[in-house]
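Trainee: Contents of upload.cif (mmCIF, C-alpha atoms):
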data_coords
loop_
_atom_site.group_PDB
_atom_site.id
_atom_site.type_symbol
_atom_site.label_atom_id
_atom_site.label_comp_id
_atom_site.auth_asym_id
_atom_site.auth_seq_id
_atom_site.Cartn_x
_atom_site.Cartn_y
_atom_site.Cartn_z
ATOM 1 C CA MET J 1 0.000 0.000 0.000
ATOM 2 C CA LYS J 2 1.303 3.447 -0.936
ATOM 3 C CA ALA J 3 2.062 5.892 1.858
ATOM 4 C CA PRO J 4 -0.799 8.382 2.292
ATOM 5 C CA ILE J 5 -0.904 12.146 2.129
ATOM 6 C CA VAL J 6 -1.959 13.865 5.363
ATOM 7 C CA ALA J 7 -3.814 17.184 5.307
ATOM 8 C CA ALA J 8 -4.527 19.320 8.373
ATOM 9 C CA SER J 9 -7.912 21.014 8.486
ATOM 10 C CA ASP J 10 -9.332 23.589 10.872
ATOM 11 C CA PHE J 11 -12.203 24.438 8.472
ATOM 12 C CA SER J 12 -10.780 27.882 7.710
ATOM 13 C CA PRO J 13 -10.669 29.103 4.082
ATOM 14 C CA SER J 14 -6.892 28.652 4.089
ATOM 15 C CA ALA J 15 -7.183 25.061 5.310
ATOM 16 C CA ASP J 16 -9.879 24.365 2.708
ATOM 17 C CA LEU J 17 -7.382 25.259 -0.030
ATOM 18 C CA ALA J 18 -4.859 22.865 1.513
ATOM 19 C CA VAL J 19 -7.380 20.027 1.746
ATOM 20 C CA GLU J 20 -8.413 20.536 -1.876
ATOM 21 C CA ARG J 21 -4.782 20.431 -3.034
ATOM 22 C CA ALA J 22 -4.084 17.353 -0.908
ATOM 23 C CA ALA J 23 -7.062 15.529 -2.397
ATOM 24 C CA GLN J 24 -5.996 16.444 -5.927
ATOM 25 C CA MET J 25 -2.454 15.179 -5.268
ATOM 26 C CA ALA J 26 -3.734 11.976 -3.655
ATOM 27 C CA LYS J 27 -5.775 11.271 -6.774
ATOM 28 C CA HIS J 28 -2.809 12.074 -9.045
ATOM 29 C CA LEU J 29 -0.435 9.880 -7.020
ATOM 30 C CA ASN J 30 -3.028 7.120 -6.499
ATOM 31 C CA CYS J 31 -2.735 7.091 -2.711
ATOM 32 C CA ASP J 32 -5.023 7.546 0.299
ATOM 33 C CA LEU J 33 -5.717 10.861 2.003
ATOM 34 C CA ARG J 34 -5.917 11.335 5.757
ATOM 35 C CA LEU J 35 -7.663 14.397 7.128
ATOM 36 C CA VAL J 36 -6.580 15.522 10.581
ATOM 37 C CA HIS J 37 -8.303 18.142 12.713
ATOM 38 C CA VAL J 38 -6.697 19.152 16.012
ATOM 39 C CA PHE J 39 -9.007 20.741 18.545
ATOM 40 C CA ASN J 40 -6.859 23.006 20.702
ATOM 41 C CA ASP J 41 -8.763 22.625 23.972
ATOM 42 C CA SER J 42 -6.463 24.928 25.955
ATOM 43 C CA ILE J 43 -7.056 27.838 23.572
ATOM 44 C CA TRP J 44 -10.790 27.056 23.513
ATOM 45 C CA ALA J 45 -10.868 27.198 27.322
ATOM 46 C CA SER J 46 -9.143 30.593 27.253
ATOM 47 C CA VAL J 47 -11.622 31.925 24.710
ATOM 48 C CA ARG J 48 -14.550 30.714 26.815
ATOM 49 C CA ASN J 49 -13.178 32.695 29.749
ATOM 50 C CA VAL J 50 -13.150 35.895 27.689
ATOM 51 C CA TYR J 51 -16.385 35.681 25.711
ATOM 52 C CA ASP J 52 -19.936 34.705 26.681
ATOM 53 C CA LEU J 53 -19.931 31.513 24.640
ATOM 54 C CA GLU J 54 -22.349 29.704 26.942
ATOM 55 C CA ARG J 55 -25.156 31.930 25.660
ATOM 56 C CA TRP J 56 -25.011 30.325 22.199
ATOM 57 C CA LEU J 57 -22.829 27.223 22.591
ATOM 58 C CA GLY J 58 -25.110 24.367 21.623
ATOM 59 C CA GLY J 59 -23.050 21.262 22.376
ATOM 60 C CA ASP J 60 -19.661 19.606 22.598
ATOM 61 C CA PRO J 61 -17.386 21.487 20.145
ATOM 62 C CA LEU J 62 -15.104 18.448 19.759
ATOM 63 C CA LEU J 63 -18.043 16.306 18.679
ATOM 64 C CA GLY J 64 -19.113 19.053 16.287
ATOM 65 C CA ALA J 65 -15.627 19.189 14.784
ATOM 66 C CA ARG J 66 -15.607 15.415 14.356
ATOM 67 C CA GLU J 67 -18.922 15.480 12.516
ATOM 68 C CA ARG J 68 -17.850 18.355 10.295
ATOM 69 C CA LEU J 69 -14.567 16.627 9.399
ATOM 70 C CA SER J 70 -16.494 13.468 8.524
ATOM 71 C CA ARG J 71 -18.718 15.433 6.159
ATOM 72 C CA GLN J 72 -15.661 17.014 4.577
ATOM 73 C CA ALA J 73 -14.118 13.561 4.050
ATOM 74 C CA ASP J 74 -17.323 12.230 2.473
ATOM 75 C CA ASP J 75 -17.384 15.176 0.064
ATOM 76 C CA LEU J 76 -13.793 14.485 -1.037
ATOM 77 C CA VAL J 77 -14.542 10.800 -1.602
ATOM 78 C CA ARG J 78 -17.476 11.750 -3.792
ATOM 79 C CA ARG J 79 -15.666 14.397 -5.833
ATOM 80 C CA PHE J 80 -12.192 12.846 -6.205
ATOM 81 C CA GLY J 81 -12.890 9.116 -5.984
ATOM 82 C CA ILE J 82 -10.154 8.538 -3.405
ATOM 83 C CA ASP J 83 -10.084 6.804 -0.024
ATOM 84 C CA VAL J 84 -10.218 9.332 2.826
ATOM 85 C CA VAL J 85 -9.792 8.696 6.554
ATOM 86 C CA ALA J 86 -10.830 11.464 8.987
ATOM 87 C CA GLN J 87 -9.236 11.815 12.422
ATOM 88 C CA THR J 88 -10.023 14.382 15.133
ATOM 89 C CA LEU J 89 -7.487 14.914 17.906
ATOM 90 C CA SER J 90 -7.060 17.230 20.908
ATOM 91 C CA GLY J 91 -3.997 19.114 22.070
ATOM 92 C CA ASP J 92 -1.160 21.136 20.596
ATOM 93 C CA PRO J 93 -1.597 21.347 16.783
ATOM 94 C CA ALA J 94 2.053 20.890 15.808
ATOM 95 C CA GLU J 95 2.572 17.966 18.162
ATOM 96 C CA GLN J 96 -0.642 16.147 17.271
ATOM 97 C CA ILE J 97 -0.255 16.682 13.522
ATOM 98 C CA SER J 98 3.300 15.344 13.727
ATOM 99 C CA VAL J 99 2.161 12.267 15.668
ATOM 100 C CA ALA J 100 -0.621 11.575 13.178
ATOM 101 C CA ALA J 101 1.702 11.960 10.195
ATOM 102 C CA LEU J 102 4.328 9.662 11.684
ATOM 103 C CA ALA J 103 1.760 7.058 12.751
ATOM 104 C CA SER J 104 0.387 6.847 9.211
ATOM 105 C CA ASN J 105 3.872 6.785 7.617
ATOM 106 C CA ALA J 106 2.820 9.772 5.508
ATOM 107 C CA ARG J 107 4.727 10.746 2.395
ATOM 108 C CA LEU J 108 3.623 14.390 2.567
ATOM 109 C CA LEU J 109 1.878 16.740 4.978
ATOM 110 C CA VAL J 110 -0.267 19.537 3.514
ATOM 111 C CA LEU J 111 -1.107 22.665 5.504
ATOM 112 C CA GLY J 112 -2.894 25.926 4.841
ATOM 113 C CA GLU J 113 -1.142 29.256 4.960
ATOM 114 C CA SER J 114 -2.771 30.282 8.256
ATOM 115 C CA GLY J 115 -5.099 29.003 10.933
ATOM 116 C CA GLU J 116 -8.561 30.044 12.070
ATOM 117 C CA SER J 117 -7.925 33.409 13.741
ATOM 118 C CA VAL J 118 -7.247 33.075 17.496
ATOM 119 C CA LEU J 119 -8.524 29.494 17.512
ATOM 120 C CA GLY J 120 -5.754 28.240 15.257
ATOM 121 C CA GLU J 121 -2.015 28.742 15.430
ATOM 122 C CA MET J 122 -0.571 30.663 12.538
ATOM 123 C CA LEU J 123 1.057 28.052 10.344
ATOM 124 C CA LEU J 124 3.662 30.154 8.596
ATOM 125 C CA GLY J 125 6.774 30.022 10.721
ATOM 126 C CA GLY J 126 4.786 28.200 13.390
ATOM 127 C CA THR J 127 3.160 24.822 12.884
ATOM 128 C CA ALA J 128 4.732 24.266 9.458
ATOM 129 C CA GLN J 129 8.282 24.649 10.785
ATOM 130 C CA LYS J 130 7.577 22.672 13.956
ATOM 131 C CA VAL J 131 6.041 19.776 12.060
ATOM 132 C CA LEU J 132 8.934 19.775 9.597
ATOM 133 C CA ASP J 133 11.383 19.403 12.478
ATOM 134 C CA ARG J 134 9.348 16.830 14.420
ATOM 135 C CA ALA J 135 7.893 14.605 11.709
ATOM 136 C CA ARG J 136 10.846 14.834 9.311
ATOM 137 C CA LEU J 137 8.704 14.622 6.209
ATOM 138 C CA PRO J 138 8.010 17.131 3.415
ATOM 139 C CA VAL J 139 5.531 19.868 4.323
ATOM 140 C CA LEU J 140 3.525 21.590 1.600
ATOM 141 C CA VAL J 141 2.126 25.006 2.532
ATOM 142 C CA VAL J 142 -0.737 25.913 0.193
ATOM 143 C CA ARG J 143 -1.793 29.468 -0.565
ATOM 144 C CA SER J 144 -3.182 29.241 -4.111
ATOM 145 C CA PRO J 145 -6.516 27.843 -5.324
ATOM 146 C CA VAL J 146 -6.326 24.474 -7.067
ATOM 147 C CA SER J 147 -6.708 24.627 -10.847
ATOM 148 C CA GLY J 148 -5.165 21.273 -11.752
ATOM 149 C CA ASN J 149 -1.811 19.578 -11.237
ATOM 150 C CA TYR J 150 1.234 21.749 -10.636
ATOM 151 C CA ALA J 151 2.546 22.823 -14.046
ATOM 152 C CA ARG J 152 5.732 24.805 -13.297
ATOM 153 C CA VAL J 153 7.898 23.670 -10.376
ATOM 154 C CA MET J 154 11.100 25.345 -9.228
ATOM 155 C CA VAL J 155 13.653 23.833 -6.874
ATOM 156 C CA ALA J 156 16.033 26.205 -5.115
ATOM 157 C CA SER J 157 19.345 24.384 -4.722
ATOM 158 C CA ASP J 158 22.580 24.945 -2.845
ATOM 159 C CA PHE J 159 23.858 21.553 -4.119
ATOM 160 C CA SER J 160 23.549 19.961 -0.674
ATOM 161 C CA ALA J 161 22.109 16.523 0.061
ATOM 162 C CA ALA J 162 18.904 18.212 1.245
ATOM 163 C CA SER J 163 18.621 20.011 -2.088
ATOM 164 C CA ARG J 164 19.136 16.774 -4.007
ATOM 165 C CA HIS J 165 16.412 15.142 -1.937
ATOM 166 C CA ALA J 166 14.143 18.108 -2.688
ATOM 167 C CA ALA J 167 14.891 17.907 -6.410
ATOM 168 C CA GLN J 168 14.050 14.214 -6.557
ATOM 169 C CA LEU J 169 10.842 14.648 -4.552
ATOM 170 C CA ALA J 170 9.723 17.446 -6.875
ATOM 171 C CA LEU J 171 10.052 15.041 -9.799
ATOM 172 C CA ASP J 172 8.286 12.236 -7.941
ATOM 173 C CA PHE J 173 5.337 14.374 -6.794
ATOM 174 C CA CYS J 174 4.947 16.386 -10.014
ATOM 175 C CA ALA J 175 6.096 14.101 -12.808
ATOM 176 C CA ASP J 176 4.183 15.954 -15.537
ATOM 177 C CA ALA J 177 5.363 19.453 -14.626
ATOM 178 C CA HIS J 178 8.119 21.553 -16.125
ATOM 179 C CA HIS J 179 10.976 21.538 -13.601
ATOM 180 C CA LEU J 180 13.424 24.379 -13.097
ATOM 181 C CA LEU J 181 16.549 24.136 -10.922
ATOM 182 C CA LEU J 182 17.808 27.496 -9.684
ATOM 183 C CA HIS J 183 21.085 28.208 -7.955
ATOM 184 C CA SER J 184 22.281 31.655 -6.934
ATOM 185 C CA TYR J 185 25.928 32.542 -6.397
ATOM 186 C CA VAL J 186 27.812 35.497 -4.977
ATOM 187 C CA VAL J 187 31.383 36.566 -4.442
ATOM 188 C CA PRO J 188 31.816 36.332 -0.662
ATOM 189 C CA MET J 189 32.499 39.729 0.940
ATOM 190 C CA GLU J 190 32.366 41.502 -2.412
ATOM 191 C CA GLY J 191 31.554 44.834 -0.768
ATOM 192 C CA ARG J 192 34.543 44.612 1.535
ATOM 193 C CA MET J 193 36.764 43.694 -1.416
ATOM 194 C CA ARG J 194 35.703 46.897 -3.128
ATOM 195 C CA MET J 195 36.438 48.893 0.026
ATOM 196 C CA ALA J 196 39.893 47.318 0.093
ATOM 197 C CA GLY J 197 40.582 48.469 -3.460
ATOM 198 C CA ALA J 198 39.257 45.753 -5.785
ATOM 199 C CA SER J 199 38.312 47.156 -9.206
ATOM 200 C CA ASP J 200 35.201 46.371 -11.245
ATOM 201 C CA GLU J 201 37.417 44.232 -13.438
ATOM 202 C CA ASP J 202 38.581 42.253 -10.384
ATOM 203 C CA ILE J 203 35.017 41.730 -9.155
ATOM 204 C CA ASN J 204 33.765 40.679 -12.584
ATOM 205 C CA ARG J 205 36.585 38.142 -12.833
ATOM 206 C CA TYR J 206 35.712 36.729 -9.409
ATOM 207 C CA ARG J 207 32.038 36.553 -10.403
ATOM 208 C CA GLY J 208 33.012 34.631 -13.512
ATOM 209 C CA GLN J 209 34.978 32.195 -11.397
ATOM 210 C CA GLU J 210 32.043 31.659 -9.057
ATOM 211 C CA GLN J 211 29.717 31.168 -12.011
ATOM 212 C CA GLU J 212 31.983 28.504 -13.496
ATOM 213 C CA ARG J 213 32.276 26.723 -10.142
ATOM 214 C CA SER J 214 28.490 26.755 -9.872
ATOM 215 C CA ARG J 215 28.074 25.438 -13.421
ATOM 216 C CA LEU J 216 30.334 22.468 -12.719
ATOM 217 C CA ALA J 217 28.668 21.842 -9.370
ATOM 218 C CA MET J 218 25.232 21.901 -11.016
ATOM 219 C CA GLN J 219 26.302 19.299 -13.576
ATOM 220 C CA GLU J 220 27.568 17.039 -10.800
ATOM 221 C CA PHE J 221 24.413 17.671 -8.769
ATOM 222 C CA LEU J 222 22.044 16.771 -11.603
ATOM 223 C CA ALA J 223 23.973 13.580 -12.322
ATOM 224 C CA GLY J 224 22.539 12.283 -9.033
ATOM 225 C CA VAL J 225 18.920 13.177 -9.876
ATOM 226 C CA SER J 226 16.681 10.920 -11.943
ATOM 227 C CA GLY J 227 14.823 13.354 -14.173
ATOM 228 C CA ALA J 228 15.094 16.404 -16.408
ATOM 229 C CA TYR J 229 15.603 19.961 -15.181
ATOM 230 C CA THR J 230 15.983 23.309 -16.889
ATOM 231 C CA GLN J 231 18.990 24.991 -15.289
ATOM 232 C CA ARG J 232 19.330 28.579 -14.076
ATOM 233 C CA LEU J 233 22.429 30.151 -12.525
ATOM 234 C CA VAL J 234 21.764 33.601 -11.092
ATOM 235 C CA HIS J 235 24.110 36.076 -9.489
ATOM 236 C CA GLY J 236 22.620 37.389 -6.272
ATOM 237 C CA PHE J 237 21.633 36.473 -2.757
ATOM 238 C CA PRO J 238 19.406 33.402 -2.421
ATOM 239 C CA VAL J 239 16.130 34.874 -1.164
ATOM 240 C CA ASP J 240 16.063 37.683 -3.744
ATOM 241 C CA ALA J 241 17.062 35.321 -6.548
ATOM 242 C CA ILE J 242 14.438 32.744 -5.588
ATOM 243 C CA LEU J 243 11.562 35.203 -5.245
ATOM 244 C CA ASP J 244 12.503 36.855 -8.532
ATOM 245 C CA GLY J 245 12.728 33.425 -10.186
ATOM 246 C CA VAL J 246 9.259 32.498 -8.945
ATOM 247 C CA THR J 247 7.784 35.642 -10.497
ATOM 248 C CA ARG J 248 9.736 35.615 -13.762
ATOM 249 C CA ASN J 249 9.039 31.948 -14.477
ATOM 250 C CA ASP J 250 5.384 31.917 -13.360
ATOM 251 C CA ILE J 251 6.125 29.173 -10.822
ATOM 252 C CA ASP J 252 3.188 27.558 -9.029
ATOM 253 C CA LEU J 253 5.224 25.332 -6.677
ATOM 254 C CA LEU J 254 8.532 26.226 -5.052
ATOM 255 C CA VAL J 255 10.503 23.403 -3.399
ATOM 256 C CA VAL J 256 13.228 24.198 -0.862
ATOM 257 C CA GLY J 257 15.459 21.931 1.220
ATOM 258 C CA LYS J 258 15.475 22.828 4.906
ATOM 259 C CA HIS J 259 19.254 22.854 5.461
ATOM 260 C CA GLY J 260 22.252 23.829 3.394
ATOM 261 C CA GLY J 261 25.645 22.188 3.270
ATOM 262 C CA SER J 262 28.854 24.118 4.000
ATOM 263 C CA ALA J 263 29.382 26.579 6.816
ATOM 264 C CA LEU J 264 29.349 29.418 4.287
ATOM 265 C CA GLY J 265 26.191 27.966 2.760
ATOM 266 C CA GLU J 266 24.535 27.833 6.165
ATOM 267 C CA ARG J 267 25.307 31.518 6.738
ATOM 268 C CA LEU J 268 23.990 32.497 3.311
ATOM 269 C CA LEU J 269 21.052 30.078 3.128
ATOM 270 C CA GLY J 270 20.061 29.520 6.753
ATOM 271 C CA SER J 271 17.100 31.901 6.591
ATOM 272 C CA VAL J 272 16.024 31.000 3.060
ATOM 273 C CA PRO J 273 13.212 28.534 3.875
ATOM 274 C CA GLN J 274 11.640 30.881 6.406
ATOM 275 C CA ASN J 275 11.867 33.895 4.097
ATOM 276 C CA VAL J 276 10.528 32.244 0.969
ATOM 277 C CA LEU J 277 7.755 30.617 2.994
ATOM 278 C CA HIS J 278 6.568 34.059 3.992
ATOM 279 C CA HIS J 279 7.129 35.948 0.750
ATOM 280 C CA ALA J 280 6.803 33.623 -2.248
ATOM 281 C CA ASN J 281 3.553 34.195 -4.144
ATOM 282 C CA CYS J 282 3.044 30.480 -4.774
ATOM 283 C CA ASP J 283 2.744 27.215 -2.861
ATOM 284 C CA VAL J 284 5.925 26.187 -1.033
ATOM 285 C CA MET J 285 7.155 22.720 -0.172
ATOM 286 C CA LEU J 286 9.771 22.459 2.585
ATOM 287 C CA VAL J 287 11.861 19.293 2.478
ATOM 288 C CA PRO J 288 13.859 18.046 5.488
ATOM 289 C CA PRO J 289 17.314 16.515 5.050
ATOM 290 C CA LEU J 290 17.570 12.754 4.710
#
Would you put the structure from the file into structure tokens?

Mentor:
Amino acid sequence: MKAPIVAASDFSPSADLAVERAAQMAKHLNCDLRLVHVFNDSIWASVRNVYDLERWLGGDPLLGARERLSRQADDLVRRFGIDVVAQTLSGDPAEQISVAALASNARLLVLGESGESVLGEMLLGGTAQKVLDRARLPVLVVRSPVSGNYARVMVASDFSAASRHAAQLALDFCADAHHLLLHSYVVPMEGRMRMAGASDEDINRYRGQEQERSRLAMQEFLAGVSGAYTQRLVHGFPVDAILDGVTRNDIDLLVVGKHGGSALGERLLGSVPQNVLHHANCDVMLVPPL
């Protein structure tokens, strides 16, 4: 049996987009879908202390959530023709989602861009990152409406093992898409070199050297990936280069490995996943290292 896709739902519009994308991918990959709703009882208790919920609260909210999730699962079965299992849990969202994903041996976890106001933890930089660290499986953060399979996929690479894993997963999940591999390069401490007296000619020569190193590294990198990629080498810092590449190439899915390789790469790329997760105008898949 193929490993399932897990989607977290809190019934917010953002989560509905994620569930729709997860169902579409489950159908495309011919695997099961598991819907998980986590009722954060501690936050609910705090809200009840602030507002007069007893005046209109008609029953057990956990039971209501369970029934609503079941209806959502039935709707997906009807529309997508896939097997869907619904599970309602209580507790901390990141912890419970991670446990559910690990217990089901999930291949992918799909989350919405944000939660349900004060009743749901903001996912960007919150649950998404925590689940990535705890469950150690790819996390797809959805922000765009579903209009079919992903058509244009970009992988941001620093040539590390995590990037290679990300590149292979992008091919496995989106076999029919056009795949673009982007790597950005810089001359380390270029500004300080100029202050120390380096000329434009010196800097351009160093940039050429870095470009050639990157070209050779990209060839070696792609030799370890089973699939075809269009290659882009861009001079500039990673976050700017990635966000510009997303816009210029009309990318609908950006795939980023969580960790870089060298010490210099860690300094340059350490904040890349967090930054692109917040600022890319497309869906983002974060991939943990193997």

Trainee: What is the distance, in Å and to one decimal place, between CA of Glu212 in chain J and CA of Pro273 in chain J?

Mentor: 25.6 Å

Trainee: I need the residue set behind the PyMOL selection byres ((chain J and resi 190) around 12) for this file; please write it as a ChimeraX atom specification.

Mentor: /J:185-189,191-200,202-207,210,236-237

Trainee: Using all atoms listed in the file, find the one residue out of J:Leu63, J:Val36, J:Ala94, J:Ile5 that sits nearest to Lys130 in chain J.

Mentor: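 Going through J:Leu63, J:Val36, J:Ala94, J:Ile5 one by one, the smallest distance to Lys130 in chain J is for J:Ala94.
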
Trainee: Would you work out the distance separating CA of Val255 in chain J from CA of Ala100 in chain J, expressed in Å to one decimal?

Mentor: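 One can read the CA of Val255 in chain J to CA of Ala100 in chain J distance as 23.2 Å.
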
Trainee: Apply the PyMOL selection byres ((chain J and resi 146-160) around 8) to the structure shown and report the selected residues as a ChimeraX atom specification.

Mentor: /J:17,20-21,24-25,28,144-145,161-164,166-167,170,174,176-184,217-218,221,242,246,249-257,260-261,265

Trainee: Interatomic distance between CA of Phe173 in chain J and CA of Leu76 in chain J?

Mentor: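 Interatomic distance, CA of Phe173 in chain J to CA of Leu76 in chain J: 20.0 Å.
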
Trainee: Which one is closest to Leu29 in chain J: J:Gly227, J:Pro13, J:Pro138, J:Pro4? Count all atoms listed in the file.

Mentor: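 Looking only at the distances to Leu29 in chain J, the closest residue turns out to be J:Pro4.
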
Trainee: Name the closest residue to Leu137 in chain J among the candidates J:Arg34, J:Ser271, J:Val287, J:Asp74; distances are taken between atoms, counting only C-alpha atoms.

Mentor: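 Going through J:Arg34, J:Ser271, J:Val287, J:Asp74 one by one, the smallest distance to Leu137 in chain J is for J:Val287.
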
Trainee: Check what the PyMOL selection byres ((chain J and resi 15) around 9) selects in the file above and give those residues as a list in words.

Mentor: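 Evaluating the PyMOL selection byres ((chain J and resi 15) around 9) on these coordinates yields Ala7, Ala8, Ser9, Asp10, Phe11, Ser12, Pro13, Ser14, Asp16, Leu17, Ala18, Val19, Glu20, Leu111, Gly112, Glu113, Ser114, Gly115, Glu116 and Val142 of chain J.
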
Trainee: Taking the point (-11.8, 18.7, 13.4) as given in the file, collect each protein or nucleic acid residue that comes within 6 Å of it, counting all atoms listed in the file, and present the set as JSON, numbers by chain.

Mentor: {"J": [37, 38, 65, 66, 69, 88]}

Trainee: Which is closest to Val77 in chain J among J:Ala103, J:Val139, J:Leu109, J:Ala26, if we use all atoms listed in the file?

Mentor: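 Smallest separation from Val77 in chain J among the options: J:Ala26.
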
Trainee: Return as lines of an AutoDock Vina configuration file the centre and edge lengths, in Å with one decimal, of the box along x, y and z that encloses every atom of range 81-94 of chain J in the file, padded by 4 Å per side.

Mentor:
center_x = -5.4
center_y = 14.1
center_z = 8.0
size_x = 22.9
size_y = 22.5
size_z = 36.1

Trainee: Anything within 6 Å of (-14.2, 10.9, 10.1): list those residues as JSON, numbers by chain, counting only C-alpha atoms and sticking to the file's coordinates.

Mentor: {"J": [69, 70, 86, 87]}

Trainee: Put those residues in a file: C-alpha atoms, as a PDB file, in the frame of the given file.

Mentor:
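And here is the file that came out, part-v1.pdb:
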ATOM      1  CA  LEU J  69     -14.567  16.627   9.399  1.00  0.00           C
ATOM      2  CA  SER J  70     -16.494  13.468   8.524  1.00  0.00           C
ATOM      3  CA  ALA J  86     -10.830  11.464   8.987  1.00  0.00           C
ATOM      4  CA  GLN J  87      -9.236  11.815  12.422  1.00  0.00           C
TER       5      GLN J  87
END

Trainee: Of the residues J:Ser98, J:Gln219, J:Gln211, J:Asn30, which is the one nearest to Asp83 in chain J, using all atoms listed in the file?

Mentor: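 Going through J:Ser98, J:Gln219, J:Gln211, J:Asn30 one by one, the smallest distance to Asp83 in chain J is for J:Asn30.
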